[in-house]
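Participant: If it helps, the file is called structure-v5.pdb and holds PDB, C-alpha atoms:
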ATOM      1  CA  MET V   1     -28.030  12.208  -2.031
ATOM      2  CA  THR V   2     -26.829   9.104  -3.902
ATOM      3  CA  ARG V   3     -25.777   6.208  -1.694
ATOM      4  CA  VAL V   4     -22.625   4.219  -2.453
ATOM      5  CA  ILE V   5     -21.586   1.096  -0.595
ATOM      6  CA  VAL V   6     -17.843   0.483  -0.447
ATOM      7  CA  VAL V   7     -16.968  -3.134   0.299
ATOM      8  CA  GLY V   8     -13.555  -3.373   1.947
ATOM      9  CA  ALA V   9     -11.940  -1.283   4.695
ATOM     10  CA  GLY V  10      -8.265  -1.469   3.812
ATOM     11  CA  VAL V  11      -6.375   1.558   2.554
ATOM     12  CA  VAL V  12      -7.973   1.302  -0.913
ATOM     13  CA  GLY V  13     -11.545   1.042   0.356
ATOM     14  CA  LEU V  14     -11.198   3.794   2.952
ATOM     15  CA  THR V  15      -9.489   6.149   0.507
ATOM     16  CA  CYS V  16     -12.291   5.578  -2.009
ATOM     17  CA  ALA V  17     -14.816   6.259   0.763
ATOM     18  CA  VAL V  18     -13.140   9.536   1.706
ATOM     19  CA  ARG V  19     -13.049  10.798  -1.865
ATOM     20  CA  LEU V  20     -16.679   9.782  -2.493
ATOM     21  CA  LEU V  21     -17.808  11.515   0.693
ATOM     22  CA  GLU V  22     -15.896  14.641  -0.295
ATOM     23  CA  ALA V  23     -17.698  14.486  -3.654
ATOM     24  CA  GLY V  24     -21.067  14.550  -1.899
ATOM     25  CA  TYR V  25     -22.097  10.886  -1.857
ATOM     26  CA  ASP V  26     -23.723   9.087   1.064
ATOM     27  CA  VAL V  27     -21.143   6.379   1.747
ATOM     28  CA  HIS V  28     -21.406   3.214   3.803
ATOM     29  CA  VAL V  29     -18.347   0.974   4.142
ATOM     30  CA  HIS V  30     -19.049  -2.723   4.730
ATOM     31  CA  ALA V  31     -16.145  -5.001   5.608
ATOM     32  CA  ARG V  32     -15.426  -8.324   7.223
ATOM     33  CA  ASP V  33     -12.137  -6.952   8.559
ATOM     34  CA  LEU V  34     -11.904  -3.521  10.143
ATOM     35  CA  PRO V  35      -8.982  -1.302   9.083
ATOM     36  CA  LEU V  36      -6.383  -2.415  11.630
ATOM     37  CA  GLU V  37      -7.159  -6.055  10.819
ATOM     38  CA  THR V  38      -6.468  -5.744   7.098
ATOM     39  CA  THR V  39      -3.353  -6.453   5.044
ATOM     40  CA  SER V  40      -2.925  -2.672   4.816
ATOM     41  CA  ALA V  41      -2.055  -2.565   8.517
ATOM     42  CA  VAL V  42       0.951  -4.825   7.896
ATOM     43  CA  ALA V  43       2.399  -2.823   4.999
ATOM     44  CA  GLY V  44       5.764  -1.154   5.376
ATOM     45  CA  ALA V  45       4.117   1.572   3.297
ATOM     46  CA  LEU V  46       7.005   3.195   1.526
ATOM     47  CA  TRP V  47       5.634   4.992  -1.541
ATOM     48  CA  TYR V  48       7.031   2.842  -4.341
ATOM     49  CA  PRO V  49       5.276   1.351  -7.399
ATOM     50  CA  TYR V  50       5.828  -2.349  -6.732
ATOM     51  CA  LEU V  51       4.070  -5.415  -8.129
ATOM     52  CA  ALA V  52       1.583  -3.227  -9.976
ATOM     53  CA  LEU V  53       0.743  -2.751 -13.642
ATOM     54  CA  PRO V  54       0.047  -1.338 -16.224
ATOM     55  CA  GLN V  55       2.991   1.010 -16.121
ATOM     56  CA  ASP V  56       1.310   4.080 -17.621
ATOM     57  CA  ARG V  57      -1.742   4.008 -15.352
ATOM     58  CA  VAL V  58       0.275   3.080 -12.268
ATOM     59  CA  THR V  59       2.638   5.993 -12.921
ATOM     60  CA  ALA V  60      -0.312   8.378 -13.194
ATOM     61  CA  TRP V  61      -2.067   6.994 -10.091
ATOM     62  CA  SER V  62       1.184   7.026  -8.121
ATOM     63  CA  GLY V  63       1.858  10.636  -9.089
ATOM     64  CA  VAL V  64      -1.559  11.701  -7.798
ATOM     65  CA  SER V  65      -0.960   9.834  -4.550
ATOM     66  CA  TYR V  66       2.520  11.338  -4.149
ATOM     67  CA  GLU V  67       1.084  14.842  -4.255
ATOM     68  CA  VAL V  68      -1.682  14.020  -1.766
ATOM     69  CA  PHE V  69       0.727  12.370   0.670
ATOM     70  CA  ALA V  70       3.114  15.322   0.397
ATOM     71  CA  GLY V  71       0.240  17.533   1.549
ATOM     72  CA  LEU V  72      -0.812  15.162   4.323
ATOM     73  CA  ALA V  73       2.746  15.098   5.679
ATOM     74  CA  ALA V  74       2.130  18.599   7.027
ATOM     75  CA  GLU V  75      -0.334  17.070   9.519
ATOM     76  CA  GLU V  76       1.429  14.970  12.142
ATOM     77  CA  ARG V  77      -1.739  13.065  13.018
ATOM     78  CA  THR V  78      -1.855  11.438   9.560
ATOM     79  CA  GLY V  79       1.292   9.388  10.186
ATOM     80  CA  VAL V  80       2.757  10.499   6.836
ATOM     81  CA  ARG V  81       6.339  11.767   6.541
ATOM     82  CA  MET V  82       8.400  12.724   3.501
ATOM     83  CA  LEU V  83      11.792  11.050   3.908
ATOM     84  CA  PRO V  84      14.858  10.770   1.688
ATOM     85  CA  GLY V  85      16.060   7.336   0.749
ATOM     86  CA  THR V  86      18.051   5.249  -1.685
ATOM     87  CA  GLU V  87      17.372   2.246  -3.872
ATOM     88  CA  LEU V  88      20.528   0.269  -4.617
ATOM     89  CA  LEU V  89      20.871  -1.879  -7.746
ATOM     90  CA  ARG V  90      23.145  -4.794  -8.568
ATOM     91  CA  GLU V  91      23.456  -3.851 -12.254
ATOM     92  CA  PRO V  92      23.466  -0.562 -14.218
ATOM     93  CA  THR V  93      19.856   0.311 -14.938
ATOM     94  CA  ASP V  94      17.894   2.933 -16.828
ATOM     95  CA  ASP V  95      15.745   5.347 -14.863
ATOM     96  CA  PRO V  96      12.721   3.528 -13.401
ATOM     97  CA  TRP V  97       9.579   3.475 -15.520
ATOM     98  CA  TRP V  98       7.716   5.356 -12.787
ATOM     99  CA  SER V  99      10.247   8.200 -12.506
ATOM    100  CA  GLY V 100       7.704  10.692 -13.864
ATOM    101  CA  ALA V 101       5.681  10.298 -10.675
ATOM    102  CA  VAL V 102       8.357  11.849  -8.430
ATOM    103  CA  PRO V 103       9.532  15.480  -8.538
ATOM    104  CA  ALA V 104      13.234  14.588  -8.560
ATOM    105  CA  LEU V 105      15.380  11.482  -8.891
ATOM    106  CA  THR V 106      19.145  11.627  -8.290
ATOM    107  CA  ARG V 107      21.674   9.056  -9.444
ATOM    108  CA  VAL V 108      23.899   7.720  -6.667
ATOM    109  CA  THR V 109      27.605   7.578  -7.434
ATOM    110  CA  ASP V 110      29.026   6.712  -3.991
ATOM    111  CA  LEU V 111      27.879   3.096  -3.887
ATOM    112  CA  PRO V 112      28.470   0.384  -1.266
ATOM    113  CA  GLY V 113      30.383  -2.691  -2.345
ATOM    114  CA  GLY V 114      28.421  -5.119  -4.494
ATOM    115  CA  TYR V 115      26.192  -2.463  -6.070
ATOM    116  CA  ALA V 116      26.531  -1.052  -9.574
ATOM    117  CA  ASP V 117      23.854   1.643  -9.624
ATOM    118  CA  GLY V 118      21.252   3.407  -7.549
ATOM    119  CA  TRP V 119      19.068   6.439  -7.152
ATOM    120  CA  SER V 120      17.824   8.584  -4.316
ATOM    121  CA  PHE V 121      14.580  10.509  -3.943
ATOM    122  CA  VAL V 122      12.241  11.819  -1.288
ATOM    123  CA  SER V 123       9.305   9.483  -0.763
ATOM    124  CA  PRO V 124       6.187   9.410   1.400
ATOM    125  CA  VAL V 125       6.587   6.953   4.278
ATOM    126  CA  VAL V 126       3.296   6.055   5.951
ATOM    127  CA  ASP V 127       2.870   4.679   9.471
ATOM    128  CA  MET V 128      -0.070   2.498   8.534
ATOM    129  CA  PRO V 129      -1.798   1.991  11.905
ATOM    130  CA  VAL V 130      -1.736   5.767  12.435
ATOM    131  CA  PHE V 131      -2.826   6.504   8.873
ATOM    132  CA  LEU V 132      -5.651   3.956   8.879
ATOM    133  CA  ARG V 133      -7.011   5.502  12.086
ATOM    134  CA  TRP V 134      -6.825   8.907  10.410
ATOM    135  CA  LEU V 135      -8.664   7.642   7.318
ATOM    136  CA  LEU V 136     -11.358   6.079   9.511
ATOM    137  CA  ALA V 137     -11.738   9.320  11.451
ATOM    138  CA  ARG V 138     -11.953  11.241   8.176
ATOM    139  CA  VAL V 139     -14.756   8.953   6.944
ATOM    140  CA  GLU V 140     -16.669   9.492  10.188
ATOM    141  CA  GLU V 141     -15.997  13.242  10.134
ATOM    142  CA  LEU V 142     -17.651  13.350   6.708
ATOM    143  CA  ASP V 143     -20.679  11.402   8.067
ATOM    144  CA  GLY V 144     -19.735   8.120   6.435
ATOM    145  CA  LEU V 145     -20.364   4.804   8.169
ATOM    146  CA  VAL V 146     -18.028   1.844   8.596
ATOM    147  CA  THR V 147     -19.707  -1.412   9.621
ATOM    148  CA  ARG V 148     -18.276  -4.857  10.191
ATOM    149  CA  MET V 149     -20.306  -7.094   7.902
ATOM    150  CA  ASN V 150     -19.415 -10.534   6.563
ATOM    151  CA  LEU V 151     -21.075 -10.428   3.152
ATOM    152  CA  SER V 152     -21.603 -13.464   0.962
ATOM    153  CA  ALA V 153     -21.997 -11.346  -2.188
ATOM    154  CA  LEU V 154     -21.816  -7.728  -3.286
ATOM    155  CA  PRO V 155     -24.954  -5.723  -2.463
ATOM    156  CA  GLN V 156     -27.527  -5.472  -5.252
ATOM    157  CA  ASP V 157     -29.635  -2.556  -6.516
ATOM    158  CA  THR V 158     -27.262   0.153  -5.328
ATOM    159  CA  LEU V 159     -23.940   1.628  -6.421
ATOM    160  CA  VAL V 160     -21.078  -0.487  -5.085
ATOM    161  CA  VAL V 161     -17.306  -0.087  -4.985
ATOM    162  CA  ASN V 162     -15.592  -3.459  -4.844
ATOM    163  CA  ALA V 163     -12.390  -2.791  -2.894
ATOM    164  CA  THR V 164     -12.092  -6.269  -1.442
ATOM    165  CA  GLY V 165      -8.444  -6.916  -2.272
ATOM    166  CA  LEU V 166      -7.644 -10.610  -2.237
ATOM    167  CA  ALA V 167     -11.319 -11.433  -1.616
ATOM    168  CA  ALA V 168     -12.042 -10.146  -5.133
ATOM    169  CA  ARG V 169     -11.358 -13.728  -6.166
ATOM    170  CA  HIS V 170     -14.895 -14.251  -4.846
ATOM    171  CA  PHE V 171     -16.538 -10.822  -4.977
ATOM    172  CA  GLY V 172     -15.187 -10.031  -8.433
ATOM    173  CA  ASP V 173     -15.439 -13.612  -9.648
ATOM    174  CA  ASP V 174     -11.787 -13.163 -10.553
ATOM    175  CA  PRO V 175      -9.447 -16.133  -9.932
ATOM    176  CA  SER V 176      -6.569 -14.158 -11.452
ATOM    177  CA  VAL V 177      -6.181 -12.332  -8.124
ATOM    178  CA  ARG V 178      -3.478 -14.154  -6.183
ATOM    179  CA  PRO V 179      -1.714 -13.754  -2.845
ATOM    180  CA  VAL V 180       1.922 -12.668  -2.689
ATOM    181  CA  ARG V 181       3.102 -13.292   0.850
ATOM    182  CA  GLY V 182       5.126 -10.587   2.533
ATOM    183  CA  GLN V 183       6.822 -11.041   5.898
ATOM    184  CA  VAL V 184       8.329  -8.182   7.895
ATOM    185  CA  VAL V 185      10.138  -7.674  11.168
ATOM    186  CA  VAL V 186       9.470  -4.547  13.211
ATOM    187  CA  LEU V 187      12.460  -3.182  15.117
ATOM    188  CA  GLU V 188      12.936  -0.472  17.688
ATOM    189  CA  GLN V 189      13.894   2.919  16.287
ATOM    190  CA  VAL V 190      17.672   3.469  16.536
ATOM    191  CA  GLY V 191      17.808   6.970  15.078
ATOM    192  CA  LEU V 192      17.318   6.070  11.420
ATOM    193  CA  ASP V 193      15.841   8.901   9.350
ATOM    194  CA  ARG V 194      16.095   7.622   5.785
ATOM    195  CA  TRP V 195      14.837   4.517   3.966
ATOM    196  CA  TRP V 196      16.804   1.938   2.003
ATOM    197  CA  LEU V 197      15.744  -0.541  -0.672
ATOM    198  CA  ASP V 198      17.455  -3.364  -2.552
ATOM    199  CA  GLU V 199      14.750  -4.863  -4.746
ATOM    200  CA  SER V 200      17.039  -7.619  -6.067
ATOM    201  CA  GLY V 201      16.694  -9.441  -2.752
ATOM    202  CA  LEU V 202      13.586  -7.540  -1.760
ATOM    203  CA  THR V 203      15.350  -6.004   1.195
ATOM    204  CA  TYR V 204      13.900  -2.814   2.606
ATOM    205  CA  VAL V 205      14.414  -0.727   5.708
ATOM    206  CA  ILE V 206      11.650   1.775   6.387
ATOM    207  CA  PRO V 207      11.880   4.078   9.405
ATOM    208  CA  ARG V 208       8.782   5.258  11.208
ATOM    209  CA  THR V 209       8.789   7.738  14.066
ATOM    210  CA  ASP V 210       8.941   5.116  16.829
ATOM    211  CA  GLU V 211       9.980   1.918  15.001
ATOM    212  CA  ILE V 212      11.592   0.515  11.859
ATOM    213  CA  VAL V 213       9.980  -1.955   9.459
ATOM    214  CA  VAL V 214      12.380  -4.313   7.678
ATOM    215  CA  GLY V 215      11.540  -6.893   5.065
ATOM    216  CA  GLY V 216      10.758  -8.770   3.143
ATOM    217  CA  THR V 217       9.526 -11.641   1.055
ATOM    218  CA  GLU V 218       7.676 -12.091  -2.235
ATOM    219  CA  ILE V 219       6.162 -15.571  -2.255
ATOM    220  CA  GLU V 220       3.448 -15.941  -4.860
ATOM    221  CA  GLY V 221       0.551 -18.283  -4.145
ATOM    222  CA  GLU V 222       1.354 -18.652  -0.441
ATOM    223  CA  TRP V 223      -1.668 -18.209   1.863
ATOM    224  CA  SER V 224      -0.078 -18.658   5.290
ATOM    225  CA  ARG V 225      -0.132 -15.623   7.567
ATOM    226  CA  THR V 226       2.086 -17.251  10.203
ATOM    227  CA  PRO V 227       5.540 -15.641  10.536
ATOM    228  CA  ASP V 228       8.372 -18.050   9.813
ATOM    229  CA  PRO V 229      11.322 -17.760  12.260
ATOM    230  CA  ASP V 230      13.939 -18.831   9.713
ATOM    231  CA  THR V 231      12.638 -16.300   7.196
ATOM    232  CA  ALA V 232      12.749 -13.622   9.888
ATOM    233  CA  GLU V 233      16.432 -14.360  10.524
ATOM    234  CA  LEU V 234      17.218 -14.080   6.825
ATOM    235  CA  ILE V 235      15.322 -10.783   6.618
ATOM    236  CA  LEU V 236      17.261  -9.410   9.583
ATOM    237  CA  ALA V 237      20.598 -10.538   8.141
ATOM    238  CA  ARG V 238      19.896  -8.836   4.799
ATOM    239  CA  ALA V 239      18.636  -5.673   6.480
ATOM    240  CA  ARG V 240      21.695  -5.434   8.739
ATOM    241  CA  SER V 241      23.976  -5.937   5.760
ATOM    242  CA  LEU V 242      22.220  -3.097   3.944
ATOM    243  CA  VAL V 243      22.063  -0.837   7.026
ATOM    244  CA  PRO V 244      24.693  -1.835   9.624
ATOM    245  CA  ALA V 245      23.209   0.602  12.165
ATOM    246  CA  LEU V 246      20.438  -1.969  12.703
ATOM    247  CA  GLU V 247      22.846  -4.379  14.389
ATOM    248  CA  GLY V 248      21.609  -4.965  17.920
ATOM    249  CA  ALA V 249      18.234  -3.256  17.396
ATOM    250  CA  ARG V 250      15.548  -4.945  19.485
ATOM    251  CA  VAL V 251      12.847  -6.914  17.663
ATOM    252  CA  LEU V 252       9.356  -5.660  18.578
ATOM    253  CA  ARG V 253       7.168  -8.014  16.523
ATOM    254  CA  HIS V 254       6.767 -10.118  13.390
ATOM    255  CA  ARG V 255       4.023  -9.598  10.813
ATOM    256  CA  VAL V 256       2.804 -11.245   7.608
ATOM    257  CA  GLY V 257       0.511  -9.803   4.963
ATOM    258  CA  LEU V 258      -0.875 -11.192   1.715
ATOM    259  CA  ARG V 259      -0.588  -8.701  -1.137
ATOM    260  CA  PRO V 260      -3.546  -8.886  -3.582
ATOM    261  CA  ALA V 261      -1.725  -9.205  -6.895
ATOM    262  CA  ARG V 262      -3.134  -9.315 -10.404
ATOM    263  CA  GLU V 263      -1.732  -8.917 -13.923
ATOM    264  CA  GLU V 264      -3.166  -5.386 -13.896
ATOM    265  CA  ILE V 265      -4.909  -3.300 -11.258
ATOM    266  CA  ARG V 266      -8.605  -3.385 -12.041
ATOM    267  CA  VAL V 267     -10.373  -0.021 -11.943
ATOM    268  CA  GLU V 268     -13.471  -0.504 -14.044
ATOM    269  CA  ARG V 269     -17.238  -0.056 -13.908
ATOM    270  CA  VAL V 270     -19.505  -2.982 -14.748
ATOM    271  CA  GLY V 271     -23.174  -2.120 -14.303
ATOM    272  CA  ASN V 272     -23.657  -0.705 -10.828
ATOM    273  CA  VAL V 273     -20.318  -2.031  -9.559
ATOM    274  CA  VAL V 274     -17.033  -0.122  -9.706
ATOM    275  CA  HIS V 275     -14.173  -2.574  -9.254
ATOM    276  CA  CYS V 276     -11.002  -1.300  -7.589
ATOM    277  CA  TYR V 277      -8.649  -4.114  -6.633
ATOM    278  CA  GLY V 278      -5.481  -5.974  -7.576
ATOM    279  CA  HIS V 279      -3.091  -3.307  -6.273
ATOM    280  CA  GLY V 280      -0.341  -5.830  -5.470
ATOM    281  CA  GLY V 281       2.394  -4.185  -3.432
ATOM    282  CA  ALA V 282       1.276  -0.665  -4.353
ATOM    283  CA  GLY V 283      -2.001  -0.230  -2.502
ATOM    284  CA  VAL V 284      -0.765   2.787  -0.566
ATOM    285  CA  THR V 285       1.266   4.079  -3.507
ATOM    286  CA  THR V 286      -1.674   4.181  -5.921
ATOM    287  CA  SER V 287      -4.528   4.661  -3.427
ATOM    288  CA  TRP V 288      -5.407   8.324  -3.980
ATOM    289  CA  GLY V 289      -4.999   8.015  -7.748
ATOM    290  CA  THR V 290      -7.280   5.010  -8.094
ATOM    291  CA  ALA V 291      -9.787   6.617  -5.701
ATOM    292  CA  ALA V 292     -10.017   9.633  -8.004
ATOM    293  CA  ASP V 293     -10.847   7.327 -10.910
ATOM    294  CA  VAL V 294     -13.431   5.508  -8.788
ATOM    295  CA  VAL V 295     -15.240   8.794  -8.089
ATOM    296  CA  ALA V 296     -15.264   9.558 -11.816
ATOM    297  CA  LEU V 297     -16.630   6.087 -12.631
ATOM    298  CA  VAL V 298     -19.337   6.321  -9.963
ATOM    299  CA  GLY V 299     -20.413   9.637 -11.424
ATOM    300  CA  SER V 300     -20.329   8.380 -15.003
ATOM    301  CA  GLY V 301     -23.578   6.491 -14.707
ATOM    302  CA  GLU V 302     -25.273   7.141 -11.387
ATOM    303  CA  ARG V 303     -28.432   5.200 -10.696
TER     304      ARG V 303
END
Let me see the file written as C-alpha cells.
Facilitator:
Amino acid sequence: MTRVIVVGAGVVGLTCAVRLLEAGYDVHVHARDLPLETTSAVAGALWYPYLALPQDRVTAWSGVSYEVFAGLAAEERTGVRMLPGTELLREPTDDPWWSGAVPALTRVTDLPGGYADGWSFVSPVVDMPVFLRWLLARVEELDGLVTRMNLSALPQDTLVVNATGLAARHFGDDPSVRPVRGQVVVLEQVGLDRWWLDESGLTYVIPRTDEIVVGGTEIEGEWSRTPDPDTAELILARARSLVPALEGARVLRHRVGLRPAREEIRVERVGNVVHCYGHGGAGVTTSWGTAADVVALVGSGER
C-alpha cells in the first residue's frame, strides 16, 4: 500500500486525506495545528465561491463539493444542512460566474430598500466544529493517522500533499500566498432558518442549528488574530440592518481567521509533492473538488 503524508489538518487537508484513504492509500496527516485549532474552525462556512480563482476550475470544484455536501446533509452528525438564502446586490448584475455549480438560481424581485438586484438558491451551510470532528473521525475510521507535528520542511522521499494553507508561504516557497483577515461574531440562535449575504459590504448572516455566525471583514495583508471590538460593533450593525430579527440576539463569542489567499488556487504536482493550497475564502466550497484532483495527481506518478 502506497503511503501518502498530508501536511495540514484544516478542511482541505482532512478532505484530501479522506479521499486518499477511500482510494486505498495509507495516509498519515501531519500538522502543527489540529483541526479545531485551524482557520477552518473559524469559517462561517456558507458554500459560496469567494476570493478564489480561476473561475472555470473553481466552478468545477465547487460543483463537485456542492453535490457531496448535499449528500452529507442527510447525516445529522456531519453538521451539514442545505438551507435557502439570498444574496442582495446594490446594482443590477448578470448571473454569477459560478452559477453553473448550483442546481437552481432564482432572481429576487421583492427587494429591500437600497438594493437593485439579488438571487436566491439553496446552499450547503456547514457547522465547522461539528464537520471537522466528523472529518477527523472519518480519517480514523479509514485507518488514517493524524499527528500533531511541527515540521520545518515537507517530508522527503515519500508522496506528500501540501495542504498547509497560509503556511505554504514557507512549505511551498510561495510568497504570493497572503492573509486576508476575517472577523466574525457568533450570536445565539433566534429562530433564523435562512442565510443572507451582501457582498458589497461583506455582510453575511449564516444560521447554524444552535447559533448564528455574522460577519465580516476582508483585510488583505493583516496578520492579527485578535478580535477588534470596534469592528465587531460595525459587523453587528450591518448584520442587524440586513436581518432585523437579530436585534437583541446575545453575543456568544468573537473569532478571527486568516484566509489563505492567492491569485489562483494551486493544485499541482511537482515531483513527489502535490500542492493544494491558496483556497482564499472558498476552502469549504472547493474542498471536495480539489481533493478529487489531488487523488488523481497522486495516482498520476506514484513512487
Participant: Identify the residues within 6 Å of coordinate (-6.6, 4.7, 4.5) (same frame as the file), considering only C-alpha atoms, and give the answer as a list in words.
Facilitator: Val11, Leu14, Thr15, Leu132 and Leu135 of chain V
Participant: Identify which of the residues V:Ala45, V:Glu264, V:Gln189, V:Glu140 lies closest to Glu247 (chain V), counting all atoms listed in the file when measuring atom-to-atom distances.
Facilitator: V:Gln189
Participant: So which residues are close to (-20.6, -10.1, -4.9), meaning at most 8 Å away in the file's coordinates with all atoms listed in the file counted, and can you show them as a PyMOL selection string?
Facilitator: chain V and resi 152-155+170-173
Participant: For region 231-235 of chain V, take all atoms listed in the file, fit an axis-aligned box around them, add 3 Å to each of the six sides, then output centre and edge lengths in Å rounded to one decimal, as lines of an AutoDock Vina configuration file.
Facilitator:
center_x = 14.9
center_y = -13.5
center_z = 8.6
size_x = 10.6
size_y = 11.5
size_z = 9.9
Participant: CA of Glu91 (chain V) and CA of Arg107 (chain V) are how many Å apart?
Facilitator: 13.3 Å
Participant: Sorted by chain and rising residue number, list the residues of region 154-207 of chain V at most 10 Å from region 78-86 of chain V (counting all atoms listed in the file), each with its closest atom pair and distance in Å to one decimal, as JSON lines.
Facilitator:
{"residue": "V:Asp193", "atom": "CA", "partner": "V:Leu83", "partner_atom": "CA", "distance": 7.1}
{"residue": "V:Arg194", "atom": "CA", "partner": "V:Gly85", "partner_atom": "CA", "distance": 5.0}
{"residue": "V:Trp195", "atom": "CA", "partner": "V:Gly85", "partner_atom": "CA", "distance": 4.4}
{"residue": "V:Trp196", "atom": "CA", "partner": "V:Thr86", "partner_atom": "CA", "distance": 5.1}
{"residue": "V:Leu197", "atom": "CA", "partner": "V:Thr86", "partner_atom": "CA", "distance": 6.3}
{"residue": "V:Asp198", "atom": "CA", "partner": "V:Thr86", "partner_atom": "CA", "distance": 8.7}
{"residue": "V:Val205", "atom": "CA", "partner": "V:Gly85", "partner_atom": "CA", "distance": 9.6}
{"residue": "V:Ile206", "atom": "CA", "partner": "V:Gly85", "partner_atom": "CA", "distance": 9.1}
{"residue": "V:Pro207", "atom": "CA", "partner": "V:Leu83", "partner_atom": "CA", "distance": 8.9}
Participant: Could those selected residues go to a file with C-alpha atoms, as a compact mmCIF listing (two decimals), in the coordinates of the input?
Facilitator:
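Result file is result.txt:
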# COMPACT_ATOMS: atom_id res chain seq x y z
CA ASP V 193 15.84 8.90 9.35
CA ARG V 194 16.10 7.62 5.78
CA TRP V 195 14.84 4.52 3.97
CA TRP V 196 16.80 1.94 2.00
CA LEU V 197 15.74 -0.54 -0.67
CA ASP V 198 17.45 -3.36 -2.55
CA VAL V 205 14.41 -0.73 5.71
CA ILE V 206 11.65 1.78 6.39
CA PRO V 207 11.88 4.08 9.40
Participant: For the structure provided, state which residues fall under the PyMOL selection byres ((chain V and resi 185) around 7), and present them as a list in words.
Facilitator: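 Checked against the file, the PyMOL selection byres ((chain V and resi 185) around 7) matches Val184, Val186, Leu187, Val213, Val214, Gly215, Ala232, Arg253, His254 and Arg255 of chain V.
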Participant: Do you know which residues the PyMOL selection byres ((chain V and resi 129-131) around 12) returns on this file, as a PyMOL selection string?
Facilitator: chain V and resi 10-11+14-15+34-45+69+72-73+75-81+125-128+132-138+208-210+284
Participant: Go through the shown structure with the PyMOL selection byres ((chain V and resi 59) around 12) and write out the matching residues as a ChimeraX atom specification.
Facilitator: /V:47-50,52-58,60-66,96-102,282,285-287,289-290
Participant: Hey, which of V:Val256, V:Ala70, V:Ala104, V:Ile5 ends up closest to His28 (chain V)? Count all atoms listed in the file.
Facilitator: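 That would be V:Ile5, the residue with the smallest distance to His28 (chain V).
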Participant: Residues within 12 Å of Ser224 (chain V), please, as a list in words. Count all atoms listed in the file; anything in the same chain fewer than 2 positions from it doesn't count.
Facilitator: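 Once the adjacent positions are removed, what remains is Pro179, Val180, Arg181, Gly182, Gln183, Ile219, Glu220, Gly221, Glu222, Thr226, Pro227, Asp228, Arg255, Val256, Gly257, Leu258 and Arg259 of chain V.
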Participant: Would you mind reading off the distance between CA of Val161 (chain V) and CA of Val298 (chain V), one decimal, in Å?
Facilitator: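 Pair CA of Val161 (chain V) / CA of Val298 (chain V) returns 8.4 Å.
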Participant: Which one of V:Val12, V:Gly271, V:Ala261, V:Leu21 sits closest to Leu166 (chain V) if you count only C-alpha atoms?
Facilitator: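 For Leu166 (chain V), the nearest of the given residues is V:Ala261.
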Participant: Taking all atoms listed in the file into account, which of V:Ala9, V:Leu111, V:Ala237, V:Val18 comes nearest Asp143 (chain V)?
Facilitator: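 Using all atoms listed in the file, Asp143 (chain V) sits closest to V:Val18.
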